[in-house]
Amino acid sequence: MQAPGYDLNDLLTRILKGHPVGKQEIIYLLRLTDPEKIDRVFSAARKIRTRHFGKKVFLYGFLYFSTFCRNDCRFCQYRQSNKTIARYRKTPSQIIAAAKEMADAGVHLIDLTMGEDPETYNSSESEFETFITMLKTVQSSIDLPIMVSPGTLPDNILNELAKAGITWYALYQETHNPTLYKSLRQGQSFEKRLAKKRLAKRLGMLVEEGILTGVGETFQDLADSIIWMKNFNVDQARVMTFVPQKDTPMHATRSRTSRMELLTIAVMRLVLRDCLIPASLDVNGLSGLEARLNAGANVVTSIVPPQKGLAGVANQSLDIEESRRTLDRILPVARNCSLEPATIKAYKTWTASRQNALAGSRDNEDRLVC
Ligand code: SAM
Ligand code: MD0
Ligand code: SF4
């Protein structure tokens, strides 16, 4: 179906005044192709970012500590059927050393990510205890908020993480179209993945949602995802361009520029407003950072220290050993976009007030139910 036409200036003026953005309007914005019009969308997105975050940008250190995985996502190089890739599992002391190094360099958060490592997922519950002990040790050695991206943890383990004070749970749906999801995350339940996010939120954790572009989604699918994120009230909303991986079922998929990712970042900013939105270094490395920040992102993610044998996700090695995913290289780019790193205190204040608001709305819901 053809989306209705709108007057772009009128639409952006209404959005800047705080009017909610409807699905057809989202689709209209996502379909824009005229570079001059797209620039106007980016400019409106930056205005909304400035309203909520001023000139401050947040910086996330990324630590992919085990690249073993029991799953078979068709888009991912770490899928278990890929026997050609070199994998690693970092020891707790290696993880702590890398986390400390990034904390000392000045990041605001450490994102601890793993595949659904069979050593943790397919054995007894005590293996999750090893994972939790590692998290607690990192927590006590760095005094920064922690994000975990460990896949679909059992409910009781998620509960333990919340009790331990882990701030963020990241679990990306990739798409909110159940049919497309089924073809991407083969053999994994769409509903179960959503339910984990609901549980994390009920437990008081902040939740990051994420989608991919270039995997066969329609404009309608992208709009549905953005609306899903709005209704869920996600705390951080990510979009990344799919990077085709050799030796995977999607290796021959046409590789895309980041145009759709950039426009989606901007539209997310217009719709989700005070949500955190990452500019990931994982897709196009340092050279893709400026465009993502200028589209309205306010967090730089996938900052990885060199010489530790650590990998990225969408790109296994891009810019890591060349020390191009470090603060020394990132901050000049951010400053070029008129952005300055926030203080650690400002980041902690943001996460704490978001968690307090979440607790407040939960109390209200409980009262309504009673
Ligand atoms: N194993 C955990 C999971 O899947 O939830 C944690 C890893 S998760 C942070 C990896 C994310 O990177 C995926 O959810 C997907 O959004 C993204 N990703 C994976 N392969 C990609 C690719 N080839 N191109 C772009 N993004 C990719
Ligand atoms: C990133 N490579 O920030 C990481 C990853 C996982 N929470 C994040 C996709 O781009
Ligand atoms: Fe495993 Fe995560 Fe990759 Fe899927 S996206 S194959 S769950 S590491």
# chains A, B, ... in the order shown; residues from 1 in each chain; ligands from 1
>>> residues_near_ligand(ligand="ligand 2", cutoff="7 Å", atoms="only C-alpha atoms and all ligand atoms", output="list in words")
Phe62, Asp111, Thr113, Val148, Ser149, Ala170, Ser280, Leu281, Asp282, Thr301, Ser302, Gly312, Val313 and Ala314 of chain A
>>> write_last_selection(atoms="all heavy atoms", output="compact mmCIF listing (two decimals), in the first residue's frame")
# COMPACT_ATOMS: atom_id res chain seq x y z
N PHE A 62 32.77 -2.45 24.93
CA PHE A 62 32.15 -3.71 24.50
C PHE A 62 33.12 -4.87 24.70
O PHE A 62 34.26 -4.84 24.24
CB PHE A 62 31.77 -3.60 23.02
CG PHE A 62 31.20 -4.87 22.44
CD1 PHE A 62 30.01 -5.39 22.92
CD2 PHE A 62 31.86 -5.54 21.41
CE1 PHE A 62 29.49 -6.57 22.39
CE2 PHE A 62 31.33 -6.71 20.87
CZ PHE A 62 30.15 -7.21 21.36
N ASP A 111 29.66 -3.37 28.44
CA ASP A 111 28.67 -4.30 27.87
C ASP A 111 29.32 -5.68 27.76
O ASP A 111 30.25 -5.88 26.98
CB ASP A 111 28.25 -3.77 26.49
CG ASP A 111 27.31 -4.72 25.74
OD1 ASP A 111 26.97 -5.80 26.26
OD2 ASP A 111 26.93 -4.37 24.60
N THR A 113 29.07 -9.33 26.63
CA THR A 113 28.28 -10.05 25.63
C THR A 113 28.83 -11.43 25.40
O THR A 113 30.05 -11.63 25.43
CB THR A 113 28.30 -9.24 24.31
OG1 THR A 113 27.63 -8.00 24.52
CG2 THR A 113 27.62 -9.97 23.16
N VAL A 148 24.40 -6.54 30.26
CA VAL A 148 24.70 -7.90 29.80
C VAL A 148 23.91 -8.18 28.52
O VAL A 148 22.76 -7.77 28.39
CB VAL A 148 24.37 -9.00 30.86
CG1 VAL A 148 25.36 -8.93 32.01
CG2 VAL A 148 22.94 -8.90 31.36
N SER A 149 24.58 -8.87 27.60
CA SER A 149 23.95 -9.32 26.35
C SER A 149 24.28 -10.80 26.20
O SER A 149 25.09 -11.19 25.37
CB SER A 149 24.51 -8.56 25.15
OG SER A 149 24.58 -7.18 25.37
N ALA A 170 20.34 -6.48 27.43
CA ALA A 170 20.20 -6.23 25.98
C ALA A 170 19.81 -7.54 25.31
O ALA A 170 20.48 -8.56 25.50
CB ALA A 170 21.51 -5.71 25.40
N SER A 280 26.72 2.53 16.54
CA SER A 280 27.62 1.40 16.74
C SER A 280 28.82 1.49 15.81
O SER A 280 28.69 1.77 14.62
CB SER A 280 26.88 0.08 16.47
OG SER A 280 27.80 -0.98 16.55
N LEU A 281 30.01 1.22 16.40
CA LEU A 281 31.23 1.18 15.59
C LEU A 281 31.37 -0.16 14.88
O LEU A 281 32.32 -0.40 14.14
CB LEU A 281 32.46 1.39 16.49
CG LEU A 281 32.57 2.76 17.15
CD1 LEU A 281 33.61 2.72 18.27
CD2 LEU A 281 32.97 3.81 16.12
N ASP A 282 30.40 -1.06 15.15
CA ASP A 282 30.54 -2.45 14.70
C ASP A 282 30.25 -2.63 13.21
O ASP A 282 30.69 -3.60 12.61
CB ASP A 282 29.58 -3.31 15.53
CG ASP A 282 30.09 -4.71 15.72
OD1 ASP A 282 31.33 -4.89 15.75
OD2 ASP A 282 29.27 -5.63 15.82
N THR A 301 28.75 2.96 20.83
CA THR A 301 28.91 1.60 21.34
C THR A 301 29.93 0.83 20.52
O THR A 301 30.29 1.23 19.42
CB THR A 301 27.59 0.82 21.34
OG1 THR A 301 27.24 0.48 20.00
CG2 THR A 301 26.46 1.59 22.01
N SER A 302 30.35 -0.30 21.13
CA SER A 302 31.34 -1.18 20.50
C SER A 302 32.73 -0.57 20.52
O SER A 302 33.50 -0.72 19.58
CB SER A 302 30.91 -1.54 19.07
OG SER A 302 31.11 -2.91 18.86
N GLY A 312 34.41 -8.19 17.33
CA GLY A 312 33.13 -7.51 17.17
C GLY A 312 32.08 -8.52 16.77
O GLY A 312 32.35 -9.73 16.72
N VAL A 313 30.87 -8.06 16.46
CA VAL A 313 29.78 -8.96 16.08
C VAL A 313 29.51 -8.89 14.57
O VAL A 313 29.73 -9.85 13.85
CB VAL A 313 28.49 -8.65 16.87
CG1 VAL A 313 27.40 -9.62 16.48
CG2 VAL A 313 28.72 -8.72 18.36
N ALA A 314 29.08 -7.71 14.12
CA ALA A 314 28.77 -7.57 12.69
C ALA A 314 30.06 -7.63 11.86
O ALA A 314 30.06 -8.09 10.72
CB ALA A 314 28.06 -6.24 12.46
>>> residues_near_ligand(ligand="ligand 3", cutoff="7 Å", atoms="only C-alpha atoms and all ligand atoms", output="list in words")
Thr67, Cys69, Arg70, Asn71, Asp72, Cys73, Cys76, Gln77, Tyr78, Arg79, Gln80, Met114, Gly115, Glu116, Gly151 and Arg185 of chain A
>>> write_last_selection(atoms="C-alpha atoms", output="short mmCIF file (atom, residue, chain, number, x, y, z; two decimals), in the first residue's frame")
data_model
loop_
_atom_site.label_atom_id
_atom_site.label_comp_id
_atom_site.auth_asym_id
_atom_site.auth_seq_id
_atom_site.Cartn_x
_atom_site.Cartn_y
_atom_site.Cartn_z
CA THR A 67 32.02 -16.37 20.88
CA CYS A 69 27.03 -20.31 20.58
CA ARG A 70 24.44 -23.11 20.56
CA ASN A 71 22.11 -21.17 18.22
CA ASP A 72 21.94 -20.95 14.46
CA CYS A 73 20.86 -17.41 13.60
CA CYS A 76 25.39 -14.31 12.39
CA GLN A 77 28.96 -15.51 11.85
CA TYR A 78 29.00 -17.04 15.34
CA ARG A 79 26.12 -19.44 14.56
CA GLN A 80 27.00 -22.92 15.78
CA MET A 114 28.40 -13.73 24.75
CA GLY A 115 26.94 -16.26 22.36
CA GLU A 116 24.58 -18.71 24.02
CA GLY A 151 21.00 -14.29 25.13
CA ARG A 185 16.47 -16.67 14.42
#
>>> closest_residue(among="A:Asp143, A:Glu208, A:Asp155, A:Glu119", to="ligand 1", atoms="only C-alpha atoms and all ligand atoms")
A:Glu208
>>> select_by_dssp(residues="stretch 160-370 of chain A", states="alpha helix (DSSP H)", output="ChimeraX atom specification")
/A:160-163,178-184,190-202,219-232,259-272,281-284,289-294,327-336,344-369
>>> residues_around(residues="stretch 356-364 of chain A", least_positions_apart="2", cutoff="9 Å", atoms="only C-alpha atoms", output="PyMOL selection string")
chain A and resi 201-202+204-206+351-354+366-369
>>> residues_around(residues="stretch 263-270 of chain A", least_positions_apart="3", cutoff="10 Å", atoms="only C-alpha atoms", output="tab-separated table (two decimals) with N, CA, C and O atoms, in the first residue's frame")
chain	number	residue	atom	x	y	z
A	12	LEU	N	7.50	17.78	10.47
A	12	LEU	CA	8.61	17.93	11.42
A	12	LEU	C	8.28	19.01	12.45
A	12	LEU	O	8.62	18.86	13.64
A	15	ILE	N	6.07	17.40	14.98
A	15	ILE	CA	6.84	16.46	15.84
A	15	ILE	C	7.68	17.26	16.84
A	15	ILE	O	7.74	16.93	18.02
A	16	LEU	N	8.29	18.34	16.37
A	16	LEU	CA	9.12	19.15	17.28
A	16	LEU	C	8.28	19.81	18.37
A	16	LEU	O	8.77	20.09	19.45
A	18	GLY	N	5.99	18.25	19.80
A	18	GLY	CA	5.68	17.19	20.76
A	18	GLY	C	4.52	16.31	20.35
A	18	GLY	O	4.10	15.43	21.12
A	19	HIS	N	3.98	16.50	19.14
A	19	HIS	CA	2.87	15.64	18.71
A	19	HIS	C	3.37	14.21	18.51
A	19	HIS	O	4.47	14.00	18.02
A	20	PRO	N	2.55	13.22	18.87
A	20	PRO	CA	2.97	11.84	18.63
A	20	PRO	C	3.04	11.55	17.13
A	20	PRO	O	2.38	12.22	16.34
A	21	VAL	N	3.87	10.57	16.75
A	21	VAL	CA	4.08	10.26	15.34
A	21	VAL	C	3.34	8.96	15.01
A	21	VAL	O	3.57	7.93	15.65
A	25	GLU	N	2.95	8.10	9.20
A	25	GLU	CA	3.97	9.17	9.19
A	25	GLU	C	5.37	8.57	9.30
A	25	GLU	O	6.31	9.01	8.63
A	26	ILE	N	5.50	7.55	10.14
A	26	ILE	CA	6.81	6.88	10.27
A	26	ILE	C	7.21	6.28	8.91
A	26	ILE	O	8.34	6.45	8.44
A	27	ILE	N	6.26	5.63	8.26
A	27	ILE	CA	6.56	5.00	6.96
A	27	ILE	C	6.94	6.07	5.93
A	27	ILE	O	7.92	5.91	5.19
A	29	LEU	N	8.37	8.90	6.49
A	29	LEU	CA	9.73	9.38	6.79
A	29	LEU	C	10.78	8.35	6.36
A	29	LEU	O	11.82	8.70	5.80
A	30	LEU	N	10.49	7.08	6.62
A	30	LEU	CA	11.47	6.03	6.28
A	30	LEU	C	11.64	5.86	4.77
A	30	LEU	O	12.67	5.39	4.31
A	31	ARG	N	10.60	6.26	4.01
A	31	ARG	CA	10.66	6.09	2.55
A	31	ARG	C	11.36	7.25	1.85
A	31	ARG	O	11.55	7.21	0.64
A	32	LEU	N	11.71	8.29	2.59
A	32	LEU	CA	12.32	9.46	1.94
A	32	LEU	C	13.62	9.05	1.25
A	32	LEU	O	14.39	8.24	1.78
A	33	THR	N	13.86	9.63	0.07
A	33	THR	CA	15.11	9.31	-0.64
A	33	THR	C	15.87	10.58	-1.03
A	33	THR	O	17.06	10.53	-1.29
A	38	ILE	N	16.13	14.25	3.65
A	38	ILE	CA	16.68	13.38	4.72
A	38	ILE	C	17.51	14.23	5.69
A	38	ILE	O	17.43	14.06	6.91
A	39	ASP	N	18.25	15.20	5.15
A	39	ASP	CA	19.02	16.09	6.02
A	39	ASP	C	18.12	16.87	6.98
A	39	ASP	O	18.49	17.10	8.12
A	41	VAL	N	15.33	15.76	8.19
A	41	VAL	CA	14.93	14.79	9.24
A	41	VAL	C	16.07	14.66	10.27
A	41	VAL	O	15.84	14.67	11.48
A	42	PHE	N	17.32	14.55	9.77
A	42	PHE	CA	18.46	14.44	10.69
A	42	PHE	C	18.54	15.69	11.59
A	42	PHE	O	18.80	15.58	12.78
A	43	SER	N	18.31	16.83	10.99
A	43	SER	CA	18.41	18.07	11.76
A	43	SER	C	17.35	18.10	12.86
A	43	SER	O	17.64	18.48	14.02
A	44	ALA	N	16.12	17.67	12.54
A	44	ALA	CA	15.06	17.63	13.57
A	44	ALA	C	15.44	16.62	14.66
A	44	ALA	O	15.23	16.86	15.86
A	45	ALA	N	16.02	15.50	14.25
A	45	ALA	CA	16.42	14.48	15.24
A	45	ALA	C	17.48	15.05	16.18
A	45	ALA	O	17.44	14.82	17.40
A	46	ARG	N	18.42	15.81	15.63
A	46	ARG	CA	19.46	16.40	16.50
A	46	ARG	C	18.84	17.41	17.47
A	46	ARG	O	19.25	17.50	18.63
A	47	LYS	N	17.82	18.14	17.00
A	47	LYS	CA	17.17	19.11	17.91
A	47	LYS	C	16.54	18.37	19.09
A	47	LYS	O	16.64	18.80	20.23
A	48	ILE	N	15.87	17.27	18.81
A	48	ILE	CA	15.22	16.52	19.91
A	48	ILE	C	16.28	15.93	20.83
A	48	ILE	O	16.15	15.96	22.05
A	49	ARG	N	17.37	15.43	20.23
A	49	ARG	CA	18.46	14.91	21.08
A	49	ARG	C	18.97	16.01	22.00
A	49	ARG	O	19.17	15.78	23.20
A	211	ILE	N	17.07	-3.81	16.21
A	211	ILE	CA	16.59	-4.37	14.94
A	211	ILE	C	17.69	-4.29	13.88
A	211	ILE	O	18.66	-3.55	14.04
A	213	THR	N	18.55	-3.83	9.62
A	213	THR	CA	18.04	-3.44	8.30
A	213	THR	C	18.82	-4.25	7.26
A	213	THR	O	19.97	-4.64	7.49
A	222	LEU	N	9.64	-2.06	9.75
A	222	LEU	CA	10.47	-1.13	10.53
A	222	LEU	C	9.58	-0.23	11.38
A	222	LEU	O	9.87	0.00	12.56
A	223	ALA	N	8.47	0.24	10.78
A	223	ALA	CA	7.55	1.10	11.54
A	223	ALA	C	6.96	0.31	12.71
A	223	ALA	O	6.87	0.83	13.84
A	225	SER	N	8.31	-2.09	14.35
A	225	SER	CA	9.34	-2.23	15.39
A	225	SER	C	9.46	-0.94	16.20
A	225	SER	O	9.57	-0.98	17.44
A	226	ILE	N	9.47	0.18	15.51
A	226	ILE	CA	9.62	1.46	16.23
A	226	ILE	C	8.43	1.67	17.17
A	226	ILE	O	8.58	2.09	18.32
A	227	ILE	N	7.23	1.32	16.67
A	227	ILE	CA	6.04	1.47	17.52
A	227	ILE	C	6.09	0.48	18.69
A	227	ILE	O	5.73	0.81	19.82
A	229	MET	N	8.76	-0.54	20.16
A	229	MET	CA	9.73	0.03	21.11
A	229	MET	C	9.10	1.16	21.92
A	229	MET	O	9.36	1.30	23.11
A	230	LYS	N	8.28	1.95	21.25
A	230	LYS	CA	7.60	3.06	21.94
A	230	LYS	C	6.63	2.50	23.00
A	230	LYS	O	6.63	2.93	24.15
A	237	ALA	N	17.43	1.96	22.16
A	237	ALA	CA	16.88	1.40	20.92
A	237	ALA	C	17.95	1.41	19.84
A	237	ALA	O	18.49	2.46	19.51
A	238	ARG	N	18.23	0.23	19.30
A	238	ARG	CA	19.35	0.08	18.36
A	238	ARG	C	18.86	-0.37	17.00
A	238	ARG	O	17.93	-1.18	16.89
A	239	VAL	N	19.54	0.14	15.96
A	239	VAL	CA	19.36	-0.43	14.63
A	239	VAL	C	20.75	-0.60	14.03
A	239	VAL	O	21.62	0.24	14.21
A	240	MET	N	20.96	-1.75	13.38
A	240	MET	CA	22.25	-1.97	12.71
A	240	MET	C	21.98	-2.53	11.31
A	240	MET	O	21.06	-3.32	11.10
A	258	SER	N	24.74	2.28	4.66
A	258	SER	CA	24.08	2.49	5.95
A	258	SER	C	22.91	3.47	5.85
A	258	SER	O	22.38	3.91	6.87
A	259	ARG	N	22.47	3.81	4.62
A	259	ARG	CA	21.42	4.84	4.45
A	259	ARG	C	20.17	4.55	5.29
A	259	ARG	O	19.67	5.40	6.01
A	260	MET	N	19.68	3.30	5.21
A	260	MET	CA	18.44	2.96	5.92
A	260	MET	C	18.66	2.97	7.44
A	260	MET	O	17.78	3.36	8.20
A	273	ARG	N	12.28	9.80	21.31
A	273	ARG	CA	12.69	11.06	21.95
A	273	ARG	C	13.78	10.95	23.01
A	273	ARG	O	14.93	11.17	22.72
A	274	ASP	N	13.43	10.58	24.27
A	274	ASP	CA	14.45	10.63	25.33
A	274	ASP	C	15.13	9.28	25.54
A	274	ASP	O	15.80	9.05	26.53
A	275	CYS	N	14.95	8.38	24.60
A	275	CYS	CA	15.57	7.05	24.67
A	275	CYS	C	17.05	7.16	24.27
A	275	CYS	O	17.41	8.04	23.49
A	276	LEU	N	17.89	6.26	24.78
A	276	LEU	CA	19.27	6.22	24.30
A	276	LEU	C	19.29	5.51	22.94
A	276	LEU	O	18.61	4.50	22.76
A	277	ILE	N	20.07	6.05	22.01
A	277	ILE	CA	20.17	5.44	20.68
A	277	ILE	C	21.64	5.32	20.30
A	277	ILE	O	22.35	6.32	20.21
A	278	PRO	N	22.12	4.08	20.09
A	278	PRO	CA	23.53	3.89	19.80
A	278	PRO	C	23.95	4.23	18.36
A	278	PRO	O	23.18	4.03	17.42
A	279	ALA	N	25.18	4.73	18.29
A	279	ALA	CA	25.92	4.79	17.02
A	279	ALA	C	26.94	3.68	17.17
A	279	ALA	O	27.91	3.83	17.91
A	292	ARG	N	26.35	8.59	11.99
A	292	ARG	CA	25.38	8.06	12.96
A	292	ARG	C	25.08	9.10	14.04
A	292	ARG	O	23.94	9.25	14.47
A	293	LEU	N	26.11	9.81	14.50
A	293	LEU	CA	25.87	10.85	15.51
A	293	LEU	C	25.04	11.98	14.89
A	293	LEU	O	24.12	12.50	15.52
A	294	ASN	N	25.34	12.32	13.64
A	294	ASN	CA	24.58	13.41	13.00
A	294	ASN	C	23.15	13.01	12.67
A	294	ASN	O	22.31	13.86	12.41
A	295	ALA	N	22.86	11.71	12.70
A	295	ALA	CA	21.47	11.26	12.49
A	295	ALA	C	20.67	11.29	13.79
A	295	ALA	O	19.47	11.03	13.79
A	296	GLY	N	21.35	11.57	14.92
A	296	GLY	CA	20.58	11.71	16.17
A	296	GLY	C	20.94	10.70	17.26
A	296	GLY	O	20.31	10.68	18.32
A	297	ALA	N	21.97	9.85	17.01
A	297	ALA	CA	22.39	8.90	18.05
A	297	ALA	C	23.04	9.66	19.20
A	297	ALA	O	23.57	10.76	19.00
A	298	ASN	N	23.01	9.09	20.42
A	298	ASN	CA	23.66	9.76	21.55
A	298	ASN	C	24.50	8.83	22.42
A	298	ASN	O	24.87	9.19	23.53
>>> select_by_dssp(residues="stretch 204-360 of chain A", states="strand (DSSP E or B)", output="JSON, numbers by chain")
{"A": [206, 207, 208, 209, 210, 211, 212, 213, 236, 237, 238, 239, 240, 241, 276, 278, 279, 280, 299, 300, 301, 302, 303, 340, 341]}
>>> closest_residue(among="A:Gln186, A:Thr248, A:Thr241, A:Thr326", to="A:Val215", atoms="only C-alpha atoms")
A:Thr241
>>> residues_around(residues="stretch 328-339 of chain A", least_positions_apart="6", cutoff="10 Å", atoms="only C-alpha atoms", output="PyMOL selection string")
chain A and resi 50+54-59+105+281+286-287+289-291+293-294+298+300+303
>>> residues_around(residues="A:Arg254", least_positions_apart="3", cutoff="9 Å", atoms="only C-alpha atoms", output="JSON, numbers by chain")
{"A": [214, 244, 251]}
>>> write_last_selection(atoms="N, CA, C and O atoms", output="PDB file, in the first residue's frame")
ATOM      1  N   GLY A 214      18.154  -4.484   6.125  1.00  0.00           N
ATOM      2  CA  GLY A 214      18.817  -5.220   5.035  1.00  0.00           C
ATOM      3  C   GLY A 214      18.646  -6.719   5.148  1.00  0.00           C
ATOM      4  O   GLY A 214      19.392  -7.491   4.531  1.00  0.00           O
ATOM      5  N   PRO A 244      26.647  -9.038   5.535  1.00  0.00           N
ATOM      6  CA  PRO A 244      26.682 -10.457   5.138  1.00  0.00           C
ATOM      7  C   PRO A 244      27.983 -11.136   5.576  1.00  0.00           C
ATOM      8  O   PRO A 244      29.056 -10.540   5.495  1.00  0.00           O
ATOM      9  N   HIS A 251      25.157 -15.425   3.217  1.00  0.00           N
ATOM     10  CA  HIS A 251      26.416 -14.833   2.726  1.00  0.00           C
ATOM     11  C   HIS A 251      26.245 -14.057   1.423  1.00  0.00           C
ATOM     12  O   HIS A 251      26.951 -13.085   1.158  1.00  0.00           O
TER      13      HIS A 251
END
>>> residues_around(residues="stretch 133-141 of chain A", least_positions_apart="2", cutoff="10 Å", atoms="only C-alpha atoms", output="mmCIF file with C-alpha atoms, in the first residue's frame")
data_model
loop_
_atom_site.group_PDB
_atom_site.id
_atom_site.type_symbol
_atom_site.label_atom_id
_atom_site.label_comp_id
_atom_site.auth_asym_id
_atom_site.auth_seq_id
_atom_site.Cartn_x
_atom_site.Cartn_y
_atom_site.Cartn_z
ATOM 1 C CA THR A 91 38.885 -16.315 31.381
ATOM 2 C CA PRO A 92 37.474 -14.261 34.279
ATOM 3 C CA SER A 93 40.842 -12.591 34.852
ATOM 4 C CA ILE A 95 37.590 -10.225 31.268
ATOM 5 C CA ILE A 96 38.286 -8.213 34.415
ATOM 6 C CA ALA A 97 41.550 -6.826 32.994
ATOM 7 C CA ALA A 98 39.849 -5.698 29.755
ATOM 8 C CA ALA A 99 36.898 -4.190 31.642
ATOM 9 C CA LYS A 100 39.270 -2.271 33.943
ATOM 10 C CA ALA A 103 36.893 1.867 32.636
ATOM 11 C CA ILE A 110 30.769 -2.091 30.152
ATOM 12 C CA LEU A 112 29.414 -7.985 28.594
ATOM 13 C CA GLU A 127 27.559 -23.020 35.118
ATOM 14 C CA PHE A 128 25.371 -19.941 35.299
ATOM 15 C CA GLU A 129 26.784 -19.444 38.787
ATOM 16 C CA THR A 130 30.260 -19.116 37.226
ATOM 17 C CA PHE A 131 28.820 -16.452 34.910
ATOM 18 C CA ASP A 143 32.214 0.911 39.717
ATOM 19 C CA LEU A 144 30.356 1.475 36.432
ATOM 20 C CA PRO A 145 26.909 0.340 35.319
ATOM 21 C CA ILE A 146 26.964 -3.010 33.515
ATOM 22 C CA MET A 147 24.988 -4.202 30.523
ATOM 23 C CA VAL A 148 24.696 -7.901 29.803
ATOM 24 C CA LEU A 161 21.235 -10.534 37.885
ATOM 25 C CA ALA A 164 22.913 -8.268 41.967
ATOM 26 C CA GLY A 165 22.277 -4.775 40.576
ATOM 27 C CA ILE A 166 23.119 -5.382 36.909
#
>>> closest_residue(among="A:Phe53, A:Phe75, A:Trp228, A:Tyr6", to="ligand 1", atoms="only C-alpha atoms and all ligand atoms")
A:Phe75
>>> closest_residue(among="A:Glu261, A:Glu340, A:Glu365, A:Asp7", to="ligand 1", atoms="only C-alpha atoms and all ligand atoms")
A:Glu261
>>> atom_distance(atom1="atom CA of A:Ile142", atom2="atom CA of A:Gly210")
26.3 Å
>>> atom_distance(atom1="atom CA of A:Val234", atom2="atom 7 (C, counted along the ligand's line) of ligand 1")
17.9 Å
